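Report on the following structure.
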Amino acid sequence: MTDKSPTAGDLYRPQPKIDVPDDVQEAVRTLLRWAGEDPEREGLVDTPKRVARAWAEYAKGYNEDPASHLARTFEEVGGYDEIVLLRDIPFQSHCEHHMAPIIGKASIAYLPGKRVVGISKLARVLHGFARRLQVQERLTAQVADCIWEHLEPEGVAVVIEASHACMTARGVNTPGVMMTTSRMMGTFRKDERSRKEVLALMGY
């Protein structure tokens with residue numbers, strides 16, 4: 001008989017609720033008061049805990065080493081020595097200046113040296129760095145540098161497109177604007193033909 005309990009196999013397991021310290025809850029209440037709200041009204045009574053728990057999830061990248069996802073590699077690839085690309089990986093982060101959402105997609109490619117990595121690991125590296133307070137330029141560099149250092153490939157290419165709520169929902173109030181950043185390393189930086197090839201595969 002197959003076990004259908006919530007803890008069986010790879011079924012979704014609800015995460016245990018974390019305890020939220022009183023000072024963290026009070027910090028959220030202070031912000032609500034400053035914004036003109038009453039944190040004691042019915043709809044906001046549980047908001048401080050919800051906000052704190054949401055931020056524990058938004059910022060969980062601080063509790064992991066993205067490079068750890070690249071620890072297990074494979075050398076038996078049947079002689080494959082062409083570009084490996086994971087395209088249009090959705091991600092979300094928060095900007096370190098206003099703590100506003102950054103929502104976008106990334107394309108990550110590398111030209112293998114002697115080793116390849118499970119392709120899902122590229123997305124995990126991205127999310128490990130994205131789930132921190134960020135600026136897009138640094139996020140792009142961190143992902144590329146991590147792959148370059150730990151996989152030792154012939155080339156790395158990372159392109160990120162994202163919308164920043166600190167610009168679209170406040171300040172200049174310009175919705176629909178996307179910011180694009182890229183980092184090319186090794187072959188993709190030195191050889192124009194290789195760079196054009198990888199960008200074309202990414203859709204640019």
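Each chain of the structure tokens is named A, B, ... in the order shown, its residues numbered from 1; ligands are numbered from 1 in display order.
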Kindly provide the residues of region 45-128 of chain A that approach region 32-37 of chain A to within 12 Å, each paired with its closest atom pair and their distance in Å to one decimal, based on only C-alpha atoms, listed by chain and increasing number, as a tab-separated table.
```
residue	atom	partner	partner_atom	distance
A:Val45	CA	A:Leu32	CA	10.9
A:Thr47	CA	A:Leu32	CA	9.5
A:Pro48	CA	A:Leu32	CA	9.1
A:Val51	CA	A:Leu32	CA	11.3
```
What parts of chain A does DSSP call strand (DSSP E or B)? I'd like the answer as a PyMOL selection string. chain A and resi 73-74+84-95+101-111+116-117+133-134+155-164+179-186
Could you tell me which of A:Leu44, A:Leu31, A:Val156, A:Met179 comes closest to Leu199 (chain A) if we count only C-alpha atoms?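 With only C-alpha atoms as the atom set, the closest residue is A:Val156.
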What parts of chain A does DSSP call alpha helix (DSSP H)? I'd like the answer as a VMD selection string. chain A and resid 22 to 35 47 to 58 120 to 130 136 to 151 165 to 168 187 to 190 192 to 202
Have a look at A:Glu57, A:Glu161, A:Glu26, A:Asp145 and name the one nearest to Arg132 (chain A); count only C-alpha atoms.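 Looking at the shortest contact to Arg132 (chain A), the residue is A:Glu57.
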Could you state the separation of CA of Lys105 (chain A) and CA of Leu122 (chain A) in Å, given to one decimal place?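 Interatomic distance, CA of Lys105 (chain A) to CA of Leu122 (chain A): 12.9 Å.
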So that I can see what lies close to Tyr62 (chain A), please list as an MDAnalysis selection string the residues with an atom at most 12 Å from it, counting only C-alpha atoms and leaving out residues fewer than 4 positions away in the same chain. chainID A and resid 55:58 66 127:134
